[in-house]
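Worksheet: one structure, shown below.
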Amino acid sequence: MLDIKFIRENPEIVKKAIKDKQFSGTIDIDELLKIDSEIREIELKLNDLRQKRNDLNDKIKNAKDPSERDVLIKENSILKPQVQEFETKLSELTPAFDELMLWVPNVPASDVPFGEGEEGNVEVKKVGEIPTFKFTPKDHLDIAEGLDIIDVKRGSKIGGFRAYFLKGKGMVLEQAILRYALDFMIENGFIPMSVPVMVNDGALIGTGYFPWGKDDHYRTQDDQALIGTAEVSLTAYHSGEVLKESDLPVKLVGQSPCFRREVGSHGKDTKGVFRIHYFNKVEQVVLIPADENLSREWHDKMLGYAESILQGLGLSYHVLLMCTGDMGPGQRKKYDVETWFAGQNKYRETHSDSYFNDFQSRRLNIKYVDSKGEKKYVYTLNNTVAATPRLLAAVIENYQNEKGEIVVPEVLRKYTGFDLISND
RNA sequence: GGAGAGGUCGCAUAGUUGGUCUAGUGCGCUGGUCUUGAAAACCGGUACGUCGCAAGAUGUCGAGGGUUCGAAUCCCUCCCUCUCCGCCA
């Protein structure tokens, strides 16, 4: 959520952000500002009326003469309908205002390139050599099925479209990747967290997934939703709290199952375990003092953690600076990391690194007291550490050999206890 | 599924015969006195929004309604949290 003061003072900037982020039609800033000024006008009038009423109440309270008291009460009764009239108007306008505020996206940072969609994203770096093979590399499903470590046929029998089983060493390898990623973050001072995966709407509104992404979330009978990422629970962890500046930065790493309906992805990535309704992810979330330069430092730093994971795994990747049209509503700047998938012969998204300034913390009401004793909203960031089985698929495709076996990356061997997945 | 308790200005709490609550107290934080420095002690300040240069006014005690001249306090609806019983990894 943006500060209404900022919207009042910079309506053009906000309108441009809406347009650039391809959210035209979802929110009308002029309508929002109109309601805002109506509310303020009414509040002014109410202020006067209430002052009169309070004065009279004081007099009533202190009146000694009963007849004088009656006169005062009568006088105050006349004020009542006027007060009520304005209060009724306010009670109509306020919810409308609150609802509209939830639809105002964040403004992209100044160095975010304009673009309507993914074609506008800009590659900012490319790391690692693309592996070459003396044979035509297969995609992860072909290899995994050959080794009987992924079973999507029985997956769909049991769980429908986009469901899967990881089996045997495939399942162990997945766990190894997750644990490797988790351990790396713990070594870097992050607090490991296991998080609620069914959450109240407040957490999803607060992190900026709702109202936009409501359709992409599963709901429970108890009107909660399943998280699509641990970011939701981790970022909301301190909601409604006032932290001390010395508590910052809060560095959290959570692992959770993630559930996504993929409503807008019909027919996309239907082969293998690349785009699925249920996956596991290690996610990093950081809360910092309110300083955009610090946000940018941490944004790069968190990208660096993700890069270290990939480099440790020996995977090649490139980093894209996402354009305005390919960002989430709350994000101020976002990098996507795309990892090389040898079998698909292209880079595919595996990580997403974003900073928000106070967009999330305003919605979640997370503040801290700074050195001057002032209360401010914290700034939030998050990034993927490792998402499986997508990253598992990348490992499978890049570490296949001619025999259709998978060589386990060095760093994972202490977790797997084996160094090769074969049919022997 | 059944029963109960509760949501108060950083944290913890007081406040349920409606008006003195412009919300008390403790802790924390912070300024000062004292001290070589610190601790302790003492004194003071410490929620947020709106209008206003300011003084001040006004609103907010989970949210929204209602009763009343007047609501943290009474009534209703909703949200959230917790506890116990039952079931259960």
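Residues are referred to by chain and number: the chain letter is A, B, ... according to the order shown in the structure tokens, the number counts from 1 in that chain, and ligands are numbered separately from 1 in the order shown.
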Kindly provide the residues of chain B that approach chain A to within 9 Å, each paired with its closest atom pair and their distance in Å to one decimal, based on only C-alpha atoms (C1' of nucleotides), listed by chain and increasing number, as a Markdown table.
| residue | atom | partner | partner_atom | distance |
| --- | --- | --- | --- | --- |
| B:G10 | C1' | A:Val242 | CA | 6.1 |
| B:G19 | C1' | A:Lys61 | CA | 6.2 |
| B:C29 | C1' | A:Gly373 | CA | 8.1 |
| B:U30 | C1' | A:Gly373 | CA | 7.7 |
| B:U46 | C1' | A:Gly373 | CA | 8.7 |
| B:U50 | C1' | A:Glu43 | CA | 7.4 |
| B:C51 | C1' | A:Leu44 | CA | 6.6 |
| B:A57 | C1' | A:Gln51 | CA | 7.0 |
| B:U58 | C1' | A:Asn47 | CA | 5.2 |
| B:G59 | C1' | A:Asn47 | CA | 8.4 |
| B:G64 | C1' | A:Ser91 | CA | 8.8 |
| B:C69 | C1' | A:Ile73 | CA | 4.6 |
| B:G70 | C1' | A:Asn57 | CA | 6.1 |
With N, CA and C atoms (P, O5', C5', C4', C3', O3' and C1' of nucleotides) retained, write the just-selected residues as a PDB file, in the first residue's frame.
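Final output, saved to part.pdb:
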ATOM      1  P     G B  10       1.916   0.802  22.360  1.00  0.00           P
ATOM      2  O5'   G B  10       3.339   1.001  21.636  1.00  0.00           O
ATOM      3  C5'   G B  10       3.646   0.334  20.402  1.00  0.00           C
ATOM      4  C4'   G B  10       4.878  -0.524  20.550  1.00  0.00           C
ATOM      5  C3'   G B  10       4.698  -1.665  21.556  1.00  0.00           C
ATOM      6  O3'   G B  10       4.298  -2.847  20.872  1.00  0.00           O
ATOM      7  C1'   G B  10       6.583  -0.356  22.148  1.00  0.00           C
ATOM      8  P     G B  19     -18.650   7.015  33.712  1.00  0.00           P
ATOM      9  O5'   G B  19     -18.966   8.059  32.565  1.00  0.00           O
ATOM     10  C5'   G B  19     -17.960   8.573  31.699  1.00  0.00           C
ATOM     11  C4'   G B  19     -18.108  10.073  31.586  1.00  0.00           C
ATOM     12  C3'   G B  19     -17.652  10.772  32.854  1.00  0.00           C
ATOM     13  O3'   G B  19     -16.341  11.319  32.681  1.00  0.00           O
ATOM     14  C1'   G B  19     -19.782  11.586  32.084  1.00  0.00           C
ATOM     15  P     C B  29      15.977  -0.079  28.111  1.00  0.00           P
ATOM     16  O5'   C B  29      15.519   1.056  27.086  1.00  0.00           O
ATOM     17  C5'   C B  29      15.416   0.760  25.701  1.00  0.00           C
ATOM     18  C4'   C B  29      14.723   1.907  24.989  1.00  0.00           C
ATOM     19  C3'   C B  29      15.341   3.274  25.216  1.00  0.00           C
ATOM     20  O3'   C B  29      16.466   3.488  24.373  1.00  0.00           O
ATOM     21  C1'   C B  29      13.003   3.425  25.469  1.00  0.00           C
ATOM     22  P     U B  30      17.712   4.331  24.928  1.00  0.00           P
ATOM     23  O5'   U B  30      17.118   5.807  24.991  1.00  0.00           O
ATOM     24  C5'   U B  30      16.733   6.475  23.801  1.00  0.00           C
ATOM     25  C4'   U B  30      16.052   7.777  24.151  1.00  0.00           C
ATOM     26  C3'   U B  30      16.832   8.682  25.099  1.00  0.00           C
ATOM     27  O3'   U B  30      17.808   9.447  24.405  1.00  0.00           O
ATOM     28  C1'   U B  30      14.605   8.517  25.853  1.00  0.00           C
ATOM     29  P     U B  46       4.780  13.298  26.687  1.00  0.00           P
ATOM     30  O5'   U B  46       5.481  12.418  25.569  1.00  0.00           O
ATOM     31  C5'   U B  46       4.849  11.278  25.119  1.00  0.00           C
ATOM     32  C4'   U B  46       5.860  10.280  24.598  1.00  0.00           C
ATOM     33  C3'   U B  46       5.272   8.882  24.530  1.00  0.00           C
ATOM     34  O3'   U B  46       4.536   8.747  23.328  1.00  0.00           O
ATOM     35  C1'   U B  46       7.352   8.759  25.592  1.00  0.00           C
ATOM     36  P     U B  50      -2.519  12.357   8.680  1.00  0.00           P
ATOM     37  O5'   U B  50      -3.901  13.132   8.857  1.00  0.00           O
ATOM     38  C5'   U B  50      -5.005  12.803   8.041  1.00  0.00           C
ATOM     39  C4'   U B  50      -6.195  13.639   8.445  1.00  0.00           C
ATOM     40  C3'   U B  50      -5.945  15.139   8.503  1.00  0.00           C
ATOM     41  O3'   U B  50      -6.016  15.729   7.223  1.00  0.00           O
ATOM     42  C1'   U B  50      -7.071  14.473  10.458  1.00  0.00           C
ATOM     43  P     C B  51      -5.013  16.922   6.876  1.00  0.00           P
ATOM     44  O5'   C B  51      -5.678  18.148   7.651  1.00  0.00           O
ATOM     45  C5'   C B  51      -6.947  18.623   7.245  1.00  0.00           C
ATOM     46  C4'   C B  51      -7.407  19.701   8.188  1.00  0.00           C
ATOM     47  C3'   C B  51      -6.400  20.797   8.492  1.00  0.00           C
ATOM     48  O3'   C B  51      -6.316  21.760   7.450  1.00  0.00           O
ATOM     49  C1'   C B  51      -7.419  20.109  10.489  1.00  0.00           C
ATOM     50  P     A B  57      -8.328  21.513  23.273  1.00  0.00           P
ATOM     51  O5'   A B  57      -9.106  21.272  21.906  1.00  0.00           O
ATOM     52  C5'   A B  57     -10.162  22.153  21.523  1.00  0.00           C
ATOM     53  C4'   A B  57     -10.648  21.798  20.143  1.00  0.00           C
ATOM     54  C3'   A B  57     -11.047  20.343  19.965  1.00  0.00           C
ATOM     55  O3'   A B  57     -12.350  20.097  20.464  1.00  0.00           O
ATOM     56  C1'   A B  57      -9.692  20.998  18.160  1.00  0.00           C
ATOM     57  P     U B  58     -12.654  18.695  21.163  1.00  0.00           P
ATOM     58  O5'   U B  58     -12.639  17.719  19.907  1.00  0.00           O
ATOM     59  C5'   U B  58     -13.558  17.893  18.838  1.00  0.00           C
ATOM     60  C4'   U B  58     -13.202  16.974  17.705  1.00  0.00           C
ATOM     61  C3'   U B  58     -13.005  15.515  18.099  1.00  0.00           C
ATOM     62  O3'   U B  58     -14.241  14.831  18.251  1.00  0.00           O
ATOM     63  C1'   U B  58     -11.236  16.184  16.705  1.00  0.00           C
ATOM     64  P     G B  59     -14.332  13.650  19.287  1.00  0.00           P
ATOM     65  O5'   G B  59     -13.725  12.460  18.435  1.00  0.00           O
ATOM     66  C5'   G B  59     -14.383  12.036  17.244  1.00  0.00           C
ATOM     67  C4'   G B  59     -13.472  11.159  16.433  1.00  0.00           C
ATOM     68  C3'   G B  59     -12.990   9.901  17.137  1.00  0.00           C
ATOM     69  O3'   G B  59     -13.973   8.880  17.110  1.00  0.00           O
ATOM     70  C1'   G B  59     -11.172  10.938  16.040  1.00  0.00           C
ATOM     71  P     G B  64     -14.270   0.843  12.342  1.00  0.00           P
ATOM     72  O5'   G B  64     -15.711   0.292  11.955  1.00  0.00           O
ATOM     73  C5'   G B  64     -15.999  -0.060  10.615  1.00  0.00           C
ATOM     74  C4'   G B  64     -17.366  -0.688  10.541  1.00  0.00           C
ATOM     75  C3'   G B  64     -18.480   0.115  11.182  1.00  0.00           C
ATOM     76  O3'   G B  64     -18.894   1.183  10.350  1.00  0.00           O
ATOM     77  C1'   G B  64     -18.697  -2.149  11.792  1.00  0.00           C
ATOM     78  P     C B  69     -31.150  11.030  24.225  1.00  0.00           P
ATOM     79  O5'   C B  69     -29.827  11.898  24.102  1.00  0.00           O
ATOM     80  C5'   C B  69     -29.753  12.967  23.160  1.00  0.00           C
ATOM     81  C4'   C B  69     -28.529  13.797  23.478  1.00  0.00           C
ATOM     82  C3'   C B  69     -27.245  12.997  23.631  1.00  0.00           C
ATOM     83  O3'   C B  69     -26.638  12.749  22.379  1.00  0.00           O
ATOM     84  C1'   C B  69     -27.457  14.492  25.447  1.00  0.00           C
ATOM     85  P     G B  70     -26.028  11.337  22.095  1.00  0.00           P
ATOM     86  O5'   G B  70     -24.821  11.252  23.118  1.00  0.00           O
ATOM     87  C5'   G B  70     -23.642  12.037  22.891  1.00  0.00           C
ATOM     88  C4'   G B  70     -22.684  11.878  24.030  1.00  0.00           C
ATOM     89  C3'   G B  70     -22.235  10.452  24.314  1.00  0.00           C
ATOM     90  O3'   G B  70     -21.183  10.075  23.452  1.00  0.00           O
ATOM     91  C1'   G B  70     -22.813  11.503  26.335  1.00  0.00           C
TER      92        G B  70
END
Point to revise | Long-range neighbours of U81 of chain B as a ChimeraX atom specification, 12 Å cut-off, only C-alpha atoms (C1' of nucleotides), 5 positions minimum in chain | key: /B:5-7,62
Would you write out those residues with N, CA and C atoms (P, O5', C5', C4', C3', O3' and C1' of nucleotides), as a PDB file, in the first residue's frame?
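As a result, again_21.pdb now contains:
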ATOM      1  P     A B   5     -17.228 -17.036  29.016  1.00  0.00           P
ATOM      2  O5'   A B   5     -15.682 -16.719  28.892  1.00  0.00           O
ATOM      3  C5'   A B   5     -14.827 -16.801  30.033  1.00  0.00           C
ATOM      4  C4'   A B   5     -13.410 -16.499  29.636  1.00  0.00           C
ATOM      5  C3'   A B   5     -13.201 -15.135  28.992  1.00  0.00           C
ATOM      6  O3'   A B   5     -13.070 -14.100  29.947  1.00  0.00           O
ATOM      7  C1'   A B   5     -12.106 -16.793  27.709  1.00  0.00           C
ATOM      8  P     G B   6     -13.609 -12.636  29.584  1.00  0.00           P
ATOM      9  O5'   G B   6     -12.539 -12.150  28.507  1.00  0.00           O
ATOM     10  C5'   G B   6     -11.185 -11.991  28.879  1.00  0.00           C
ATOM     11  C4'   G B   6     -10.315 -11.951  27.654  1.00  0.00           C
ATOM     12  C3'   G B   6     -10.430 -10.725  26.768  1.00  0.00           C
ATOM     13  O3'   G B   6      -9.748  -9.625  27.325  1.00  0.00           O
ATOM     14  C1'   G B   6     -10.213 -12.676  25.445  1.00  0.00           C
ATOM     15  P     G B   7      -9.581  -8.258  26.506  1.00  0.00           P
ATOM     16  O5'   G B   7      -8.319  -8.617  25.588  1.00  0.00           O
ATOM     17  C5'   G B   7      -7.467  -7.613  25.055  1.00  0.00           C
ATOM     18  C4'   G B   7      -7.296  -7.856  23.568  1.00  0.00           C
ATOM     19  C3'   G B   7      -7.460  -6.606  22.716  1.00  0.00           C
ATOM     20  O3'   G B   7      -6.196  -6.205  22.196  1.00  0.00           O
ATOM     21  C1'   G B   7      -8.622  -8.505  21.805  1.00  0.00           C
ATOM     22  P     G B  62     -10.517  -2.827  21.479  1.00  0.00           P
ATOM     23  O5'   G B  62     -10.232  -3.244  19.970  1.00  0.00           O
ATOM     24  C5'   G B  62      -8.904  -3.206  19.457  1.00  0.00           C
ATOM     25  C4'   G B  62      -8.919  -3.795  18.058  1.00  0.00           C
ATOM     26  C3'   G B  62     -10.040  -3.280  17.179  1.00  0.00           C
ATOM     27  O3'   G B  62      -9.688  -2.062  16.556  1.00  0.00           O
ATOM     28  C1'   G B  62      -9.994  -5.631  17.087  1.00  0.00           C
TER      29        G B  62
END
Where in segment 149-249 of chain A does DSSP assign strand (DSSP E), given as a PDB file with C-alpha atoms, in the first residue's frame?
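The new file selection-v3.pdb reads:
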ATOM      1  CA  ILE A 150       9.708 -39.258 -11.223  1.00  0.00           C
ATOM      2  CA  ASP A 151       6.279 -40.688 -11.961  1.00  0.00           C
ATOM      3  CA  PHE A 165       5.506 -38.478  -7.544  1.00  0.00           C
ATOM      4  CA  LEU A 166       9.188 -38.154  -6.807  1.00  0.00           C
ATOM      5  CA  ILE A 191      16.864 -17.872  11.057  1.00  0.00           C
ATOM      6  CA  PRO A 192      15.347 -21.090   9.720  1.00  0.00           C
ATOM      7  CA  MET A 193      11.573 -21.184   9.923  1.00  0.00           C
ATOM      8  CA  SER A 194       8.874 -23.688   9.345  1.00  0.00           C
ATOM      9  CA  MET A 198      -2.812 -22.218   5.510  1.00  0.00           C
ATOM     10  CA  VAL A 199      -3.172 -18.559   6.283  1.00  0.00           C
ATOM     11  CA  ALA A 225      -5.940 -19.886   1.694  1.00  0.00           C
ATOM     12  CA  LEU A 226      -2.946 -22.061   0.916  1.00  0.00           C
ATOM     13  CA  VAL A 242       6.687  -2.444  16.428  1.00  0.00           C
ATOM     14  CA  LEU A 243      10.279  -3.632  16.313  1.00  0.00           C
ATOM     15  CA  LYS A 244      13.375  -1.981  17.681  1.00  0.00           C
TER      16      LYS A 244
END
Practice item. Within 12 Å of C75 of chain B, counting only C-alpha atoms (C1' of nucleotides), which residues show up once you throw out same-chain ones fewer than 3 positions away? Write them as a ChimeraX atom specification, please. Key: /B:65-68,71
Residues just named, written with N, CA and C atoms (P, O5', C5', C4', C3', O3' and C1' of nucleotides) as a PDB file, in the first residue's frame:
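Dumped to again02.pdb:
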ATOM      1  P     G B  65     -19.873   2.275  10.981  1.00  0.00           P
ATOM      2  O5'   G B  65     -21.260   1.503  10.978  1.00  0.00           O
ATOM      3  C5'   G B  65     -22.302   2.002  11.758  1.00  0.00           C
ATOM      4  C4'   G B  65     -23.344   0.936  11.928  1.00  0.00           C
ATOM      5  C3'   G B  65     -24.361   1.271  13.005  1.00  0.00           C
ATOM      6  O3'   G B  65     -25.373   2.103  12.483  1.00  0.00           O
ATOM      7  C1'   G B  65     -23.509  -0.868  13.427  1.00  0.00           C
ATOM      8  P     G B  66     -25.665   3.443  13.287  1.00  0.00           P
ATOM      9  O5'   G B  66     -26.448   2.893  14.559  1.00  0.00           O
ATOM     10  C5'   G B  66     -27.578   2.051  14.377  1.00  0.00           C
ATOM     11  C4'   G B  66     -27.958   1.386  15.664  1.00  0.00           C
ATOM     12  C3'   G B  66     -28.277   2.306  16.832  1.00  0.00           C
ATOM     13  O3'   G B  66     -29.567   2.863  16.725  1.00  0.00           O
ATOM     14  C1'   G B  66     -26.967   0.487  17.577  1.00  0.00           C
ATOM     15  P     U B  67     -29.873   4.242  17.425  1.00  0.00           P
ATOM     16  O5'   U B  67     -29.860   3.849  18.968  1.00  0.00           O
ATOM     17  C5'   U B  67     -30.882   3.005  19.501  1.00  0.00           C
ATOM     18  C4'   U B  67     -30.672   2.841  20.986  1.00  0.00           C
ATOM     19  C3'   U B  67     -30.524   4.133  21.759  1.00  0.00           C
ATOM     20  O3'   U B  67     -31.792   4.710  22.068  1.00  0.00           O
ATOM     21  C1'   U B  67     -28.827   2.614  22.425  1.00  0.00           C
ATOM     22  P     U B  68     -32.008   6.250  21.759  1.00  0.00           P
ATOM     23  O5'   U B  68     -31.046   6.962  22.797  1.00  0.00           O
ATOM     24  C5'   U B  68     -31.248   6.788  24.193  1.00  0.00           C
ATOM     25  C4'   U B  68     -30.118   7.433  24.951  1.00  0.00           C
ATOM     26  C3'   U B  68     -29.778   8.854  24.522  1.00  0.00           C
ATOM     27  O3'   U B  68     -30.681   9.795  25.087  1.00  0.00           O
ATOM     28  C1'   U B  68     -27.785   7.603  24.786  1.00  0.00           C
ATOM     29  P     A B  71     -20.997   8.544  23.003  1.00  0.00           P
ATOM     30  O5'   A B  71     -20.502   7.809  24.344  1.00  0.00           O
ATOM     31  C5'   A B  71     -19.216   8.062  24.914  1.00  0.00           C
ATOM     32  C4'   A B  71     -18.588   6.733  25.292  1.00  0.00           C
ATOM     33  C3'   A B  71     -18.098   5.917  24.104  1.00  0.00           C
ATOM     34  O3'   A B  71     -16.918   5.182  24.431  1.00  0.00           O
ATOM     35  C1'   A B  71     -19.779   4.742  25.245  1.00  0.00           C
TER      36        A B  71
END
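In terms of minimum interatomic distance to G18 of chain B, B:C74 ranks closest within B:A47, B:C80, B:C87, B:C74, counting only C-alpha atoms (C1' of nucleotides).
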Name the residues of segment 185-385 of chain A that come out as alpha helix (DSSP H) in a backbone DSSP run; write them as a CSV table (one decimal) with N, CA and C atoms, in the first residue's frame.
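Written out: part.csv:
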chain,number,residue,atom,x,y,z
A,185,MET,N,21.8,-20.7,3.8
A,185,MET,CA,21.2,-19.5,4.4
A,185,MET,C,21.5,-19.4,5.9
A,186,ILE,N,21.4,-20.6,6.5
A,186,ILE,CA,21.6,-20.6,8.0
A,186,ILE,C,23.1,-20.1,8.2
A,187,GLU,N,24.0,-20.6,7.4
A,187,GLU,CA,25.4,-20.2,7.6
A,187,GLU,C,25.5,-18.7,7.4
A,201,ASP,N,-6.6,-14.4,5.3
A,201,ASP,CA,-6.5,-13.4,4.2
A,201,ASP,C,-5.6,-12.3,4.5
A,202,GLY,N,-5.6,-11.9,5.7
A,202,GLY,CA,-4.8,-10.7,6.1
A,202,GLY,C,-3.3,-10.9,5.7
A,203,ALA,N,-2.8,-12.0,5.8
A,203,ALA,CA,-1.4,-12.3,5.4
A,203,ALA,C,-1.2,-12.1,3.9
A,204,LEU,N,-2.2,-12.5,3.1
A,204,LEU,CA,-2.1,-12.5,1.6
A,204,LEU,C,-2.4,-11.1,1.1
A,205,ILE,N,-3.3,-10.4,1.8
A,205,ILE,CA,-3.5,-9.0,1.4
A,205,ILE,C,-2.3,-8.2,1.8
A,206,GLY,N,-1.8,-8.5,3.0
A,206,GLY,CA,-0.6,-7.8,3.5
A,206,GLY,C,0.6,-7.9,2.7
A,231,GLU,N,7.1,-16.7,1.6
A,231,GLU,CA,7.2,-15.3,1.7
A,231,GLU,C,6.0,-14.7,2.5
A,232,VAL,N,4.9,-15.3,2.2
A,232,VAL,CA,3.6,-14.7,2.8
A,232,VAL,C,3.7,-14.9,4.3
A,233,SER,N,4.0,-16.1,4.8
A,233,SER,CA,4.0,-16.3,6.2
A,233,SER,C,5.2,-15.6,6.9
A,234,LEU,N,6.3,-15.6,6.2
A,234,LEU,CA,7.5,-15.0,6.8
A,234,LEU,C,7.4,-13.5,6.9
A,235,THR,N,6.9,-12.9,5.8
A,235,THR,CA,6.8,-11.4,5.8
A,235,THR,C,5.8,-11.0,6.9
A,236,ALA,N,4.7,-11.8,7.0
A,236,ALA,CA,3.6,-11.4,7.9
A,236,ALA,C,4.0,-11.8,9.4
A,292,GLU,N,15.9,3.3,1.1
A,292,GLU,CA,15.9,2.6,-0.2
A,292,GLU,C,17.3,2.2,-0.7
A,293,ASN,N,18.3,2.9,-0.3
A,293,ASN,CA,19.6,2.5,-0.7
A,293,ASN,C,20.0,1.2,0.0
A,294,LEU,N,19.5,1.1,1.2
A,294,LEU,CA,19.7,-0.2,1.9
A,294,LEU,C,18.9,-1.3,1.3
A,295,SER,N,17.7,-1.0,0.8
A,295,SER,CA,16.9,-2.0,0.1
A,295,SER,C,17.7,-2.5,-1.1
A,296,ARG,N,18.3,-1.6,-1.8
A,296,ARG,CA,19.0,-1.9,-3.0
A,296,ARG,C,20.3,-2.8,-2.7
A,297,GLU,N,20.9,-2.4,-1.6
A,297,GLU,CA,22.1,-3.2,-1.2
A,297,GLU,C,21.6,-4.6,-0.9
A,298,TRP,N,20.6,-4.7,-0.1
A,298,TRP,CA,20.1,-6.1,0.3
A,298,TRP,C,19.5,-6.8,-0.9
A,299,HIS,N,18.9,-6.1,-1.8
A,299,HIS,CA,18.4,-6.7,-3.0
A,299,HIS,C,19.5,-7.4,-3.8
A,300,ASP,N,20.6,-6.8,-3.9
A,300,ASP,CA,21.8,-7.4,-4.6
A,300,ASP,C,22.4,-8.5,-3.8
A,301,LYS,N,22.4,-8.3,-2.5
A,301,LYS,CA,23.0,-9.3,-1.6
A,301,LYS,C,22.2,-10.6,-1.7
A,302,MET,N,20.8,-10.4,-1.7
A,302,MET,CA,20.0,-11.6,-1.7
A,302,MET,C,20.0,-12.3,-3.0
A,303,LEU,N,20.3,-11.5,-4.1
A,303,LEU,CA,20.5,-12.1,-5.4
A,303,LEU,C,21.8,-12.9,-5.3
A,304,GLY,N,22.8,-12.3,-4.6
A,304,GLY,CA,24.1,-13.0,-4.5
A,304,GLY,C,23.9,-14.4,-3.8
A,305,TYR,N,23.1,-14.5,-2.8
A,305,TYR,CA,22.9,-15.7,-2.1
A,305,TYR,C,22.3,-16.8,-3.1
A,306,ALA,N,21.3,-16.4,-3.9
A,306,ALA,CA,20.8,-17.3,-4.8
A,306,ALA,C,21.8,-17.7,-5.8
A,307,GLU,N,22.6,-16.7,-6.3
A,307,GLU,CA,23.7,-17.1,-7.2
A,307,GLU,C,24.7,-18.1,-6.6
A,308,SER,N,25.0,-17.9,-5.3
A,308,SER,CA,26.0,-18.8,-4.7
A,308,SER,C,25.4,-20.2,-4.7
A,309,ILE,N,24.1,-20.3,-4.5
A,309,ILE,CA,23.5,-21.6,-4.5
A,309,ILE,C,23.7,-22.3,-5.8
A,310,LEU,N,23.4,-21.5,-6.9
A,310,LEU,CA,23.5,-22.1,-8.2
A,310,LEU,C,24.9,-22.4,-8.6
A,311,GLN,N,25.8,-21.5,-8.2
A,311,GLN,CA,27.2,-21.7,-8.5
A,311,GLN,C,27.7,-23.0,-7.8
A,312,GLY,N,27.3,-23.1,-6.5
A,312,GLY,CA,27.6,-24.3,-5.7
A,312,GLY,C,27.2,-25.5,-6.4
A,313,LEU,N,26.0,-25.4,-7.0
A,313,LEU,CA,25.4,-26.6,-7.7
A,313,LEU,C,26.1,-26.8,-9.1
A,359,PHE,N,5.7,-1.0,0.9
A,359,PHE,CA,4.4,-1.4,0.4
A,359,PHE,C,3.8,-2.6,1.2
A,360,GLN,N,4.6,-3.5,1.5
A,360,GLN,CA,4.0,-4.7,2.3
A,360,GLN,C,3.9,-4.3,3.8
A,361,SER,N,4.8,-3.6,4.3
A,361,SER,CA,4.8,-3.3,5.7
A,361,SER,C,3.7,-2.3,6.1
A,362,ARG,N,3.3,-1.5,5.2
A,362,ARG,CA,2.1,-0.7,5.5
A,362,ARG,C,0.8,-1.5,5.6
A,363,ARG,N,0.7,-2.5,4.6
A,363,ARG,CA,-0.4,-3.4,4.7
A,363,ARG,C,-0.4,-4.3,5.9
A,364,LEU,N,0.8,-4.7,6.3
A,364,LEU,CA,0.9,-5.6,7.4
A,364,LEU,C,1.1,-4.9,8.7
